[in-house]
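Note: the block below is start_38.cif and it holds mmCIF, C-alpha atoms.
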data_query
loop_
_atom_site.label_atom_id
_atom_site.label_comp_id
_atom_site.auth_asym_id
_atom_site.auth_seq_id
_atom_site.Cartn_x
_atom_site.Cartn_y
_atom_site.Cartn_z
CA MET A 1 -103.46 21.32 88.30
CA LYS A 2 -100.87 19.53 90.44
CA SER A 3 -97.61 18.42 88.86
CA LEU A 4 -97.51 14.98 87.26
CA VAL A 5 -95.16 13.79 90.00
CA GLU A 6 -97.67 14.86 92.66
CA ILE A 7 -100.52 13.21 90.77
CA ARG A 8 -98.58 9.99 90.36
CA ARG A 9 -97.76 9.95 94.08
CA ASP A 10 -101.38 10.65 95.03
CA LEU A 11 -102.48 7.71 92.90
CA HIS A 12 -99.69 5.54 94.29
CA ARG A 13 -101.16 6.01 97.77
CA ILE A 14 -104.59 4.58 96.83
CA PRO A 15 -104.10 1.33 94.86
CA GLU A 16 -107.33 -0.61 94.30
CA ILE A 17 -107.90 -3.99 92.69
CA GLY A 18 -109.98 -4.68 89.58
CA PHE A 19 -113.47 -3.17 89.43
CA GLN A 20 -113.00 -1.69 92.91
CA GLU A 21 -111.14 1.44 91.76
CA ASP A 22 -113.70 3.84 93.24
CA LYS A 23 -111.26 6.27 94.89
CA THR A 24 -109.09 6.18 91.78
CA GLN A 25 -112.02 7.00 89.50
CA LYS A 26 -113.12 9.86 91.77
CA TYR A 27 -109.58 11.29 91.84
CA LEU A 28 -109.20 11.12 88.05
CA LEU A 29 -112.62 12.66 87.44
CA ALA A 30 -111.73 15.62 89.68
CA ILE A 31 -108.61 16.36 87.63
CA ILE A 32 -110.47 15.94 84.33
CA GLU A 33 -113.11 18.37 85.58
CA GLU A 34 -110.37 20.85 86.40
CA LEU A 35 -109.03 20.60 82.84
CA LYS A 36 -112.38 20.23 81.09
CA LYS A 37 -113.09 22.11 77.87
CA ASP A 38 -116.27 22.39 75.83
CA TYR A 39 -114.81 19.88 73.35
CA PHE A 40 -114.42 17.22 76.11
CA GLN A 41 -116.98 14.45 76.57
CA VAL A 42 -116.78 12.22 79.66
CA ASP A 43 -118.36 8.75 79.77
CA LEU A 44 -118.17 6.22 82.57
CA TRP A 45 -118.00 2.44 82.31
CA LYS A 46 -118.01 0.61 85.65
CA THR A 47 -115.02 2.10 87.52
CA GLY A 48 -113.39 3.26 84.28
CA ILE A 49 -113.51 6.55 82.42
CA ILE A 50 -113.62 7.28 78.69
CA LEU A 51 -112.73 10.84 77.71
CA THR A 52 -113.44 11.89 74.13
CA ILE A 53 -111.53 14.99 73.00
CA GLN A 54 -113.13 16.30 69.83
CA GLY A 55 -110.69 17.19 67.07
CA THR A 56 -110.67 20.48 65.16
CA ARG A 57 -110.71 18.78 61.73
CA PRO A 58 -111.07 15.07 62.45
CA SER A 59 -110.57 12.46 59.74
CA PHE A 60 -110.32 9.52 62.18
CA LYS A 61 -110.34 8.68 65.89
CA ILE A 62 -107.16 7.74 67.71
CA GLY A 63 -107.19 6.17 71.18
CA TRP A 64 -104.83 5.98 74.14
CA ARG A 65 -105.39 3.46 76.93
CA ALA A 66 -104.18 3.67 80.55
CA ASP A 67 -104.93 0.90 83.05
CA ILE A 68 -105.87 1.98 86.57
CA ASP A 69 -105.86 -0.97 88.98
CA GLY A 70 -103.29 -2.07 91.55
CA LEU A 71 -102.16 -5.43 92.88
CA PRO A 72 -102.75 -7.38 96.12
CA ILE A 73 -99.10 -6.91 97.18
CA GLU A 74 -97.86 -5.45 100.46
CA GLU A 75 -95.59 -2.51 99.59
CA ASN A 76 -91.98 -2.58 100.78
CA THR A 77 -90.47 0.65 99.46
CA GLY A 78 -90.36 2.81 102.58
CA LEU A 79 -91.31 5.82 100.46
CA PRO A 80 -93.09 8.75 102.15
CA TYR A 81 -95.96 8.32 99.69
CA GLU A 82 -96.26 4.53 99.95
CA SER A 83 -99.65 2.82 99.74
CA THR A 84 -102.18 3.70 102.41
CA HIS A 85 -104.21 0.61 101.50
CA GLN A 86 -102.64 -2.22 103.48
CA GLY A 87 -101.97 -5.28 101.35
CA PHE A 88 -102.24 -3.40 98.05
CA MET A 89 -99.71 -1.62 95.84
CA HIS A 90 -99.23 -0.12 92.41
CA ALA A 91 -96.50 -2.68 91.76
CA CYS A 92 -96.98 -2.72 87.99
CA GLY A 93 -96.67 1.00 87.28
CA HIS A 94 -100.30 1.77 86.58
CA ASP A 95 -99.93 4.94 88.67
CA PHE A 96 -97.41 6.09 86.06
CA HIS A 97 -99.69 5.04 83.19
CA MET A 98 -102.53 7.15 84.63
CA ALA A 99 -100.32 10.17 85.30
CA ILE A 100 -99.03 10.11 81.72
CA ALA A 101 -102.62 9.99 80.42
CA ILE A 102 -103.45 13.00 82.62
CA GLY A 103 -100.45 14.78 81.10
CA LEU A 104 -101.89 14.12 77.64
CA ILE A 105 -105.28 15.47 78.67
CA LYS A 106 -103.64 18.64 79.97
CA ALA A 107 -101.75 19.07 76.69
CA PHE A 108 -104.93 18.62 74.65
CA SER A 109 -106.81 21.04 76.91
CA GLU A 110 -104.21 23.69 76.05
CA GLN A 111 -104.15 22.91 72.33
CA GLN A 112 -107.05 21.00 70.78
CA PRO A 113 -105.95 18.07 68.59
CA ILE A 114 -106.76 17.91 64.89
CA ASN A 115 -108.10 14.35 65.07
CA THR A 116 -110.54 13.19 67.72
CA THR A 117 -108.55 11.60 70.54
CA ILE A 118 -110.07 9.22 73.07
CA ILE A 119 -108.40 8.49 76.42
CA TYR A 120 -109.46 5.22 78.07
CA PHE A 121 -108.87 4.76 81.80
CA GLN A 122 -109.46 1.01 81.92
CA PRO A 123 -110.08 -0.91 85.14
CA ALA A 124 -109.12 -4.47 86.08
CA GLU A 125 -106.13 -5.09 83.81
CA GLU A 126 -104.48 -7.26 86.46
CA GLY A 127 -107.64 -9.30 86.83
CA PRO A 128 -110.27 -10.36 86.17
CA GLY A 129 -109.71 -8.38 82.96
CA GLY A 130 -111.36 -5.12 81.97
CA ALA A 131 -110.38 -4.70 78.32
CA LYS A 132 -112.60 -7.42 76.85
CA PRO A 133 -115.87 -6.41 78.60
CA MET A 134 -115.15 -2.70 78.02
CA LEU A 135 -114.64 -3.37 74.31
CA GLU A 136 -117.76 -5.54 74.10
CA TRP A 137 -119.83 -2.81 75.81
CA MET A 138 -118.66 -0.22 73.28
CA GLN A 139 -119.30 -2.57 70.35
CA ARG A 140 -122.78 -3.31 71.64
CA GLU A 141 -123.95 0.03 73.06
CA ARG A 142 -121.50 2.85 72.28
CA LYS A 143 -119.92 2.44 68.88
CA ASP A 144 -119.20 6.18 68.91
CA LEU A 145 -116.52 5.52 71.54
CA LEU A 146 -114.59 3.03 69.40
CA PRO A 147 -111.32 4.37 67.93
CA ASP A 148 -109.86 3.65 64.50
CA TYR A 149 -106.42 3.12 66.08
CA LEU A 150 -105.44 2.42 69.67
CA PHE A 151 -102.14 2.69 71.56
CA ALA A 152 -100.79 2.08 75.06
CA LEU A 153 -97.54 1.88 76.98
CA HIS A 154 -96.19 -0.18 79.84
CA ILE A 155 -93.25 0.70 82.06
CA ALA A 156 -90.17 -1.54 81.75
CA PRO A 157 -87.92 -1.41 84.85
CA GLU A 158 -85.00 -3.00 82.99
CA TYR A 159 -84.71 -0.25 80.35
CA PRO A 160 -83.23 3.23 80.83
CA VAL A 161 -85.65 6.15 80.98
CA GLY A 162 -86.38 7.38 77.46
CA THR A 163 -86.28 3.95 75.83
CA ILE A 164 -89.28 3.30 73.58
CA ALA A 165 -89.22 -0.45 72.98
CA THR A 166 -91.62 -2.27 70.71
CA ARG A 167 -91.84 -4.47 67.63
CA SER A 168 -94.18 -5.43 64.83
CA GLY A 169 -96.18 -8.59 65.49
CA LEU A 170 -96.16 -10.44 68.77
CA LEU A 171 -95.05 -8.33 71.75
CA PHE A 172 -96.68 -10.10 74.73
CA ALA A 173 -97.75 -13.71 75.14
CA ASN A 174 -101.10 -15.42 75.48
CA THR A 175 -101.60 -15.97 79.20
CA SER A 176 -103.94 -17.88 81.47
CA GLU A 177 -104.20 -18.32 85.19
CA LEU A 178 -104.28 -21.92 86.39
CA PHE A 179 -105.97 -23.23 89.55
CA ILE A 180 -106.16 -26.99 90.17
CA ASP A 181 -107.99 -28.48 93.17
CA LEU A 182 -107.50 -32.10 94.21
CA HIS A 183 -109.85 -33.89 96.63
CA GLY A 184 -109.19 -37.29 98.23
CA VAL A 185 -109.53 -38.83 101.68
CA GLY A 186 -107.60 -37.53 104.67
CA GLY A 187 -106.58 -39.39 107.80
CA HIS A 188 -103.94 -40.19 110.39
CA ALA A 189 -100.36 -40.32 109.15
CA ALA A 190 -99.95 -43.76 110.79
CA PHE A 191 -102.69 -45.31 108.63
CA PRO A 192 -101.99 -44.27 104.99
CA GLN A 193 -103.83 -47.34 103.68
CA HIS A 194 -107.12 -45.74 104.68
CA THR A 195 -106.46 -42.47 102.88
CA LYS A 196 -106.04 -40.94 99.45
CA ASP A 197 -103.11 -38.59 99.93
CA MET A 198 -103.51 -35.36 97.97
CA THR A 199 -100.05 -34.05 98.84
CA VAL A 200 -98.51 -36.96 96.97
CA ALA A 201 -101.02 -36.63 94.10
CA ALA A 202 -100.39 -32.89 93.77
CA ALA A 203 -96.61 -33.35 93.89
CA ASN A 204 -96.82 -35.95 91.14
CA LEU A 205 -99.06 -33.69 89.04
CA ILE A 206 -96.58 -30.82 89.35
CA MET A 207 -93.82 -32.99 87.92
CA GLN A 208 -96.03 -34.21 85.07
CA LEU A 209 -97.10 -30.66 84.17
CA GLN A 210 -93.45 -29.78 83.58
CA THR A 211 -93.28 -32.33 80.74
CA ILE A 212 -95.89 -30.52 78.63
CA VAL A 213 -93.53 -27.84 77.30
CA SER A 214 -90.61 -30.24 76.85
CA ARG A 215 -92.57 -33.10 75.27
CA ASN A 216 -95.72 -31.70 73.68
CA LEU A 217 -94.83 -28.24 72.43
CA ASN A 218 -92.92 -27.73 69.19
CA PRO A 219 -89.27 -27.06 70.16
CA LEU A 220 -89.32 -24.04 67.83
CA ASP A 221 -92.27 -22.60 69.74
CA SER A 222 -92.19 -21.20 73.28
CA GLY A 223 -94.33 -21.81 76.32
CA VAL A 224 -94.29 -21.72 80.10
CA ILE A 225 -96.21 -23.57 82.79
CA THR A 226 -95.31 -22.37 86.26
CA ILE A 227 -96.87 -23.58 89.49
CA GLY A 228 -96.10 -20.79 91.90
CA LYS A 229 -98.12 -21.96 94.88
CA MET A 230 -99.08 -25.32 96.41
CA VAL A 231 -101.28 -25.72 99.47
CA SER A 232 -102.02 -29.04 101.18
CA GLY A 233 -102.49 -30.38 104.69
CA TYR A 234 -102.67 -28.74 108.09
CA VAL A 235 -100.36 -30.62 110.48
CA GLN A 236 -97.28 -32.83 110.15
CA ASN A 237 -98.96 -36.07 111.31
CA SER A 238 -102.10 -35.92 109.18
CA ILE A 239 -102.52 -36.95 105.55
CA ALA A 240 -104.01 -34.20 103.38
CA GLU A 241 -107.52 -34.66 102.07
CA ASP A 242 -107.25 -31.63 99.75
CA ALA A 243 -104.54 -29.89 97.78
CA ARG A 244 -104.52 -26.82 95.57
CA LEU A 245 -102.07 -25.76 92.87
CA GLU A 246 -101.95 -22.19 91.58
CA GLY A 247 -99.94 -21.15 88.56
CA THR A 248 -99.83 -19.60 85.12
CA ILE A 249 -99.66 -20.68 81.48
CA ARG A 250 -97.96 -18.56 78.81
CA THR A 251 -97.55 -19.21 75.10
CA MET A 252 -96.48 -17.40 71.97
CA SER A 253 -99.54 -18.48 69.98
CA ALA A 254 -103.23 -19.02 70.63
CA GLU A 255 -102.95 -22.52 69.16
CA SER A 256 -100.25 -23.50 71.64
CA MET A 257 -102.43 -22.27 74.51
CA LEU A 258 -105.20 -24.62 73.42
CA LEU A 259 -102.73 -27.50 73.12
CA MET A 260 -101.31 -26.91 76.59
CA LYS A 261 -104.75 -26.72 78.18
CA GLU A 262 -105.73 -30.00 76.48
CA ARG A 263 -102.62 -31.68 77.92
CA ILE A 264 -103.26 -30.23 81.40
CA GLU A 265 -106.77 -31.66 81.34
CA ALA A 266 -105.52 -35.06 80.17
CA LEU A 267 -102.90 -35.21 82.94
CA CYS A 268 -105.47 -34.23 85.56
CA LYS A 269 -107.70 -37.08 84.40
CA SER A 270 -104.77 -39.48 84.71
CA ILE A 271 -104.17 -38.28 88.28
CA GLU A 272 -107.83 -38.97 89.08
CA ILE A 273 -107.40 -42.55 87.91
CA ALA A 274 -103.97 -43.12 89.47
CA TYR A 275 -104.86 -41.70 92.90
CA ASP A 276 -108.60 -42.42 92.96
CA CYS A 277 -109.44 -38.78 93.60
CA GLU A 278 -111.31 -35.83 92.13
CA VAL A 279 -109.51 -33.06 90.25
CA SER A 280 -111.04 -29.79 89.02
CA ILE A 281 -109.48 -27.04 86.91
CA ASP A 282 -110.19 -23.31 86.83
CA TYR A 283 -108.34 -21.20 84.24
CA GLY A 284 -109.25 -17.92 85.91
CA SER A 285 -108.40 -14.90 83.76
CA SER A 286 -107.07 -15.64 80.28
CA TYR A 287 -105.52 -12.88 78.17
CA TYR A 288 -105.08 -12.81 74.42
CA GLN A 289 -101.68 -12.06 72.94
CA VAL A 290 -100.60 -8.46 72.33
CA TYR A 291 -100.02 -8.41 68.59
CA ASN A 292 -98.86 -5.06 67.20
CA GLU A 293 -100.01 -3.94 63.78
CA ASP A 294 -96.91 -3.45 61.61
CA TYR A 295 -97.57 0.13 60.48
CA CYS A 296 -98.49 1.29 64.00
CA ALA A 297 -95.42 -0.25 65.64
CA LYS A 298 -93.11 1.30 63.04
CA GLN A 299 -94.70 4.73 63.57
CA LEU A 300 -93.92 4.49 67.30
CA LEU A 301 -90.27 3.68 66.62
CA GLU A 302 -89.98 6.45 64.00
CA THR A 303 -91.43 9.01 66.41
CA ALA A 304 -88.95 7.91 69.09
CA GLU A 305 -86.14 8.86 66.71
CA LYS A 306 -87.47 12.42 66.47
CA VAL A 307 -88.47 13.29 70.05
CA ALA A 308 -85.78 14.68 72.33
CA GLY A 309 -84.93 12.32 75.17
CA THR A 310 -86.35 9.16 73.60
CA THR A 311 -84.53 6.28 71.94
CA PRO A 312 -86.19 3.60 69.79
CA TYR A 313 -85.44 -0.06 70.44
CA GLU A 314 -86.86 -2.98 68.45
CA CYS A 315 -87.23 -5.42 71.31
CA PRO A 316 -87.82 -9.18 71.40
CA PRO A 317 -91.25 -10.57 72.39
CA ALA A 318 -91.87 -11.30 76.08
CA MET A 319 -93.88 -13.85 78.04
CA THR A 320 -95.61 -10.97 79.82
CA GLY A 321 -99.41 -10.94 79.73
CA GLU A 322 -101.63 -7.89 79.09
CA ASP A 323 -105.35 -7.66 78.44
CA PHE A 324 -104.68 -4.86 75.96
CA GLY A 325 -104.39 -7.78 73.53
CA PHE A 326 -108.18 -8.03 73.43
CA PHE A 327 -108.33 -4.48 72.06
CA LEU A 328 -105.65 -5.13 69.44
CA LYS A 329 -107.46 -8.27 68.31
CA GLU A 330 -110.26 -5.98 67.07
CA ILE A 331 -108.62 -2.57 66.57
CA PRO A 332 -105.32 -1.82 64.77
CA GLY A 333 -102.72 -0.33 67.06
CA ALA A 334 -99.66 -1.12 69.15
CA MET A 335 -98.23 -1.18 72.63
CA PHE A 336 -94.70 -0.31 73.70
CA TRP A 337 -92.41 -0.67 76.70
CA THR A 338 -91.07 2.56 78.15
CA GLY A 339 -87.91 2.62 80.24
CA ALA A 340 -88.38 3.01 84.01
CA ASN A 341 -84.83 2.35 85.27
CA SER A 342 -85.58 0.36 88.45
CA PRO A 343 -83.49 -2.42 90.01
CA TYR A 344 -86.74 -4.13 91.00
CA GLY A 345 -89.00 -5.75 88.43
CA LEU A 346 -92.72 -5.59 87.76
CA HIS A 347 -94.94 -6.93 90.57
CA HIS A 348 -92.07 -6.57 93.05
CA ALA A 349 -92.94 -5.09 96.46
CA SER A 350 -89.97 -2.70 96.18
CA LEU A 351 -90.59 -1.45 92.64
CA GLN A 352 -89.52 2.22 92.35
CA PRO A 353 -89.69 3.51 88.74
CA ASP A 354 -87.81 6.70 87.93
CA GLU A 355 -90.26 9.64 87.90
CA MET A 356 -88.20 11.28 85.15
CA LEU A 357 -90.12 9.07 82.72
CA LEU A 358 -93.35 11.04 83.25
CA ASP A 359 -92.55 14.23 81.34
CA ILE A 360 -90.57 12.38 78.67
CA ASN A 361 -93.44 10.04 77.89
CA VAL A 362 -96.07 12.77 77.89
CA ARG A 363 -93.96 14.68 75.38
CA PHE A 364 -93.43 11.56 73.27
CA ALA A 365 -97.06 10.40 73.36
CA GLU A 366 -98.44 13.86 72.63
CA GLN A 367 -96.29 14.28 69.54
CA PHE A 368 -97.08 10.74 68.40
CA LEU A 369 -100.85 11.20 68.74
CA ARG A 370 -100.77 14.61 67.05
CA ASP A 371 -98.54 13.48 64.16
CA PHE A 372 -100.01 10.01 63.51
CA LYS A 373 -101.41 9.69 59.99
CA LYS A 374 -104.03 7.20 58.93
CA ARG A 375 -102.57 4.46 56.78
#
Written as structure tokens, that's how I'd like the structure from this file.
Amino acid sequence: MKSLVEIRRDLHRIPEIGFQEDKTQKYLLAIIEELKKDYFQVDLWKTGIILTIQGTRPSFKIGWRADIDGLPIEENTGLPYESTHQGFMHACGHDFHMAIAIGLIKAFSEQQPINTTIIYFQPAEEGPGGAKPMLEWMQRERKDLLPDYLFALHIAPEYPVGTIATRSGLLFANTSELFIDLHGVGGHAAFPQHTKDMTVAAANLIMQLQTIVSRNLNPLDSGVITIGKMVSGYVQNSIAEDARLEGTIRTMSAESMLLMKERIEALCKSIEIAYDCEVSIDYGSSYYQVYNEDYCAKQLLETAEKVAGTTPYECPPAMTGEDFGFFLKEIPGAMFWTGANSPYGLHHASLQPDEMLLDINVRFAEQFLRDFKKR
């Protein structure tokens, strides 16, 4: 087998977006075949892979999830192994997540685990969301693939390599995409009285949306509404007939997410009345909060105290979104940040995580999965 660094770089070259990870799946399957033992069972789900590693004396099933998709971002690293897929990049570290999972498979191929261990290579984490439909498929058709406990990691550029950062309870926020389309009447800039200007309507709506967190959410709660993109009009002397707002909603509770969506809908209706236009809303992909089970999170931190090269850190919750939350809603487990030591953050075109984290995290995760005891 190639080294983990080589595998990570190979995967970095072929980023693919959700449910289109065909090359990625083929590459992973080839490595799994190379490592395959008679106690391995390989199942496919869409572009994902589920590898069951039978334990020698199993008393429960423990799972490890790695997401496999990339992002529609043009890479700007200048690395010799940069993306060969123009307009796409592993800008969220999923190439590292996959390589670490391969490292675990190699370790379990050399020494069979006591408890049955299931490795999930999950597609479409970045969108439209692969965790929920994968879980529902297993619940409906393949209950034998469901674990009793489930764990995952995510690289954290801001932490030093070796940091294992997690907490009991809420780790990542509830998130939802937000797309708002406004339709009015366009026309010549010299005759505004004959138009319904959607640039003005959209601009007004943006300002109103910013009052939801400050005036509707409990000050002791937390939430974010960000409009990251606005599109309207075509030329400087024409009034826009259409406008589109694209953004995100993030909250620390499922209840607050419902509240914020209700207020967004109410404000959109008010814009329809005020500007005599049509407004439609699409929430796109919505992810449930990542809520760590107390016992599982504490076991991660305790293991980090024992493994050479790792340091535990009980971190604060973050407004980050992750569809792993759908798994944790149904299965006890936990997720953790692992230090990647990069000056560039997640989803940045210049993200360059430190490859030293690969071996450290394989060593940490292997010991954790082997030592974990059922509560």
Item to check | Residues returned when the PyMOL selection byres ((chain A and resi 318) around 9) runs on this file, as a PyMOL selection string | outcome: chain A and resi 170-173+252+315-317+319-321
Checklist entry - Hey, what comes out of the PyMOL selection byres ((chain A and resi 222) around 9) on this file? Could you write it as an NGL selection string? => result :A and (213 or 217-221 or 223-224 or 250-253 or 256 or 319)
Item to check | Interatomic distance, atom CA of His347 of chain A to atom CA of Ile73 of chain A (Å, one decimal) | outcome: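 Atom-to-atom, atom CA of His347 of chain A to atom CA of Ile73 of chain A, that is 7.8 Å.
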At a cut-off of 10 Å, can you tabulate as CSV every residue of segment 5-83 of chain A near segment 328-338 of chain A together with its closest atom pair and the distance in Å to one decimal, using only C-alpha atoms and ordering rows by chain then number?
residue,atom,partner,partner_atom,distance
A:Ile62,CA,A:Gly333,CA,9.2
A:Gly63,CA,A:Gly333,CA,8.9
A:Trp64,CA,A:Gly333,CA,9.7
A:Arg65,CA,A:Met335,CA,9.6
Next on the checklist: the PyMOL selection byres ((chain A and resi 272-275) around 12) - which residues does that actually catch in the file I just gave you? List them as a ChimeraX atom specification.
Outcome noted: /A:181-185,195-205,241,265-271,276-280
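Each of A:His188, A:Lys298, A:Arg140, A:Lys132 was checked against Phe326 of chain A using all atoms listed in the file; the smallest atom-to-atom distance is that of A:Lys132.
Taking atom CA of His348 of chain A and atom CA of Ile227 of chain A as endpoints, the distance between them is 18.0 Å.
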Item to check | Nearest to Leu209 of chain A, chosen from A:Lys229, A:Lys26, A:Arg167, A:Arg263, with only C-alpha atoms counted in the distances | outcome: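 Closest candidate: A:Arg263.
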Checklist entry - What gap, in Å, lies between atom CA of Ile105 of chain A and atom CA of Tyr27 of chain A? => result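 Calculated distance between atom CA of Ile105 of chain A and atom CA of Tyr27 of chain A is 14.5 Å.
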Item to check | Residue among A:Glu262, A:Asp22, A:Asp242, A:Asp10 lying closest to Asn216 of chain A, counting all atoms listed in the file | outcome: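 Nearest to Asn216 of chain A: A:Glu262.
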Checklist outcome for this item: Restricting to all atoms listed in the file, whichever of A:Phe151, A:Phe19, A:Trp45, A:Phe324 is closest to Glu366 of chain A is A:Phe151
Next on the checklist: I need the residue nearest Leu71 of chain A from this list: A:Asn341, A:Gln20, A:Thr117, A:Gln25. Use only C-alpha atoms for the distance.
Outcome noted: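 The shortest atom-to-atom distance to Leu71 of chain A comes from A:Gln20.
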Segment 182-190 of chain A, all listed atoms, 5 Å padding on each side: what axis-aligned box centre and edge lengths in Å to one decimal come out, as lines of an AutoDock Vina configuration file?
center_x = -104.9
center_y = -37.9
center_z = 102.5
size_x = 19.9
size_y = 21.7
size_z = 26.6
Next on the checklist: Taking 4 positions as the minimum chain separation for residues in the same chain, which residues sit within 10 Å of His154 of chain A when counting only C-alpha atoms? Answer as an NGL selection string.
Outcome noted: :A and (66-67 or 92-94 or 96-97 or 164-165 or 322 or 335-340)
